[in-house]
Structure formats: structure tokens, C-alpha cells
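Encoded as C-alpha cells, the structure appears first; notes follow it.
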Amino acid sequence: MRRLNILIGALSIPLFLAAWEVVARSGIVNMVLFPPPSIVAVAVLEWIRSGQFFSDFGASLYRVVTGFTLGAIAGVALGVLTGQFPLVSSLLSPIFHVLRPIPPIAFVPIVILWFGLSEAGKLFLVFWGVFFTVWLSAHIGVQKVDRGLIRAALMLGTPRRQMLQEIVLLGALPYIVVGLRTAVSISFYTLVAAELAGAFSGIVYRIEIAQQNLQTGQVMGGLAALGLMSFVADRMFATVAERAVWWR
């Protein structure tokens with residue numbers, strides 16, 4: 001049964017591409033608007049040969065990695081503070097809960113006014129999408145830590161900083177990891193908003209240019225590249241997380 005599942009999994013993508021090719025060339029749909037995988041592959045190869053692909057890939061990767069890192073650090077730090085200290089939670093949590101539902105793409109007009117077409121605006125949008133997801137997971141994770149362990153550590157004279165690092169943070173780490181993994185995918189969603197905010201390079205920027213020129217093969221290729229980047233990032237993070245948080 002396991003071998004059958006592995007075989008089906010290995011064949012699923014080739015079968016999907018074959019079905020896509022057949023449908024696109026059958027005349028059921030407009031092949032200009034819905035190009036088959038063979039045409040998409042040619043468009044991607046031309047994109048790579050032109051040298052633009054690697055510069056676009058590098059620009060998008062920089063925005064995702066930098067925005068994710070900044071958002072994750074801020075989210076974990078403030079999540080631990082609001083989860084551990086009621087006064088800080090009373091001050092910040094209501095504000096964060098009001099701001100959290102606002103989608104990053106809604107900030108595109110104001111980000112252009114604030115930051116112009118600089119990289120800072122794009123990083124801000126990715127940061128925004130990542131921060132609240134990580135903050136909420138860290139906040140909940142800290143609140144789930146056994147209060148008895150914290151009281152015992154304080155009674156034994158454990159310094160508060162050491163207690164936060166070795167009991168609170170480690171106890172909340174499984175929740176934080178879940179939030180970070182979710183934020184990996186969210187960082188790619190917000191990348192779309194970021195590169196719509198006046199970018200001159202990047203995967204989404206190239207998709208937008210191709211769409212304006214009706215180059216649907218390159219549009220599909222850009223979407224595939226974006227999906228592949230997100231998938232690889234998710235799997236890499238999951239592999240690292242399984243080893244780092246082995247006690248979950």
C-alpha cells in the first residue's frame with residue numbers, strides 16, 4: 001500500500017501536466033490565454049537565457065528572506081512580552097488585534113506615499129504579513145507554558161532573563177515554530193503586494209509585465225516559479241524545525 005501511494009505521488013504531477021497539455025491543445029479553451037506546459041517551458045527557458053530570471057529571483061528572494069527575518073524577530077520578541085507580562089499585553093494586544101486583520105495589499109497605496117519606490121516599502125509589506133502571524137503564535141505559546149514551572153523557577157532564584165530563555169521561550173517554541181512555518185507561506189503571499197508597489201525587478205514584477213504584453217506563457221512560468229520557491233522554502237523550514245524542536 002505504501003509503494004502504491006509513493007507511485008501515485010510520483011505520477012501525480014506528470015499526469016497533471018499531461019492533462020493540462022491535452023486540454024490546452026484540444027481547442028476547448030483559448031490556447032493564447034491558457035497555454036500548454038510545453039509553451040510555458042519555452043517561455044521560462046527564454047526568461048532564463050535572457051539573464052532576467054536570476055536577477056528577478058534574487059530580488060524576490062531578498063525581499064522574502066529579509067522581510068521574514070525582521071517580522072519573525074519582532075513577532076517572537078513582542079509575543080513573549082505580551083504573553084508573559086499582563087501589563088504589556090493590556091497595552092499592545094488590543095492594538096495588534098485591530099491591525100492584524102488588515103491585509104498587506106491594502107497598504108500598497110499608503111506604502112508608496114510613505115516610502116516611494118524604495119525597497120523599504122516592499123520589506124515593510126512582507127514584514128507586516130509575517131509579524132502578526134508570528135506574534136500571535138508566540139503570544140499563545142507563552143500563555144500555554146505551565147505557570148507552575150515559572151513559579152518554581154522564580155522561587156529557586158532563577159534570574160528572570162534565564163527563566164524567559166530556558167522555560168518560557170522553550171516551552172512556547174512548538175507554537176512559535178507553527179507560526180513561523182505559516183509565516184513562510186504568508187511571506188510569499190505578501191511578496192505579491194510588495195512587488196506591485198512599484199518594483200522594477202522580481203518574479204511578480206515580471207509576471208505583471210508579461211500580463212500587460214499578453215505573454216501568458218511567461219505569466220504561467222512566473223506563477224510556477226513563485227509556487228516552487230514557496231514549496232521549497234516550506235519544506236526546508238519543516239526539515240529544520242523537526243530537528244530543532246525534536247520533543248514536540
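In the C-alpha cells, each chain is lettered A, B, ... as it comes, each chain's residues begin at 1, and ligands are numbered from 1 in order of appearance.
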For Gln218 in chain A, list every protein, DNA or RNA residue within 8 Å, evaluated using only C-alpha atoms, and leave out those in the same chain fewer than 2 positions away; present the list as a PyMOL selection string. chain A and resi 40+43-44+47+207+210+215-216+220-222
Quick one: DSSP alpha helix (DSSP H) residues in range 37-244 of chain A, as a PyMOL selection string? chain A and resi 37-49+52-84+86-99+108-115+119-144+147-155+160-163+170-196+203-212+216-244
Measuring between only C-alpha atoms, which one of A:Leu125, A:Val65, A:Ile95, A:Ala194 shows the shortest distance to Ala233 in chain A?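 So, comparing all the options, the nearest one is A:Val65.
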Using only C-alpha atoms, determine which residues lie at most 8 Å from Gly71 in chain A, disregarding the query and same-chain residues fewer than 5 positions distant; provide the list as number ranges by chain. A: 126-131, 134
Excluding Ile140 in chain A and any residue of its chain fewer than 4 positions from it, enumerate the residues within 10 Å of it, using only C-alpha atoms, and give them as a compact mmCIF listing (two decimals) with C-alpha atoms, in the first residue's frame.
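Ended up saving to part27.txt:
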# COMPACT_ATOMS: atom_id res chain seq x y z
CA GLY A 79 4.84 37.73 21.55
CA VAL A 80 6.94 36.63 24.52
CA THR A 82 2.70 40.20 25.71
CA GLY A 83 2.29 36.55 26.64
CA GLN A 84 4.36 36.78 29.81
CA TRP A 135 3.35 37.43 17.26
CA LEU A 136 0.03 35.63 17.80
CA LYS A 144 0.28 27.83 27.38
CA VAL A 145 3.52 27.36 29.34
CA ALA A 172 6.41 28.13 23.72
CA TYR A 175 3.72 27.08 18.95
CA ILE A 176 6.26 29.58 17.65
With only C-alpha atoms as the basis for distance, which of A:Leu78, A:Leu196, A:Ile8, A:Ile102 is at the shortest distance from Gly121 in chain A?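 Among A:Leu78, A:Leu196, A:Ile8, A:Ile102, it is A:Leu196 that comes nearest to Gly121 in chain A.
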Judged by only C-alpha atoms, the minimum distance to Thr69 in chain A among A:Trp114, A:Tyr205, A:Tyr189, A:Phe124 is found for A:Phe124
Neighbouring residues of Ser38 in chain A were defined as those with any atom within 8 Å, considering only C-alpha atoms; residues of the same chain fewer than 3 positions away were excluded. Please report them as a list in words.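 Listed by chain and then number, they are Glu21, Ala41 and Val42 of chain A.
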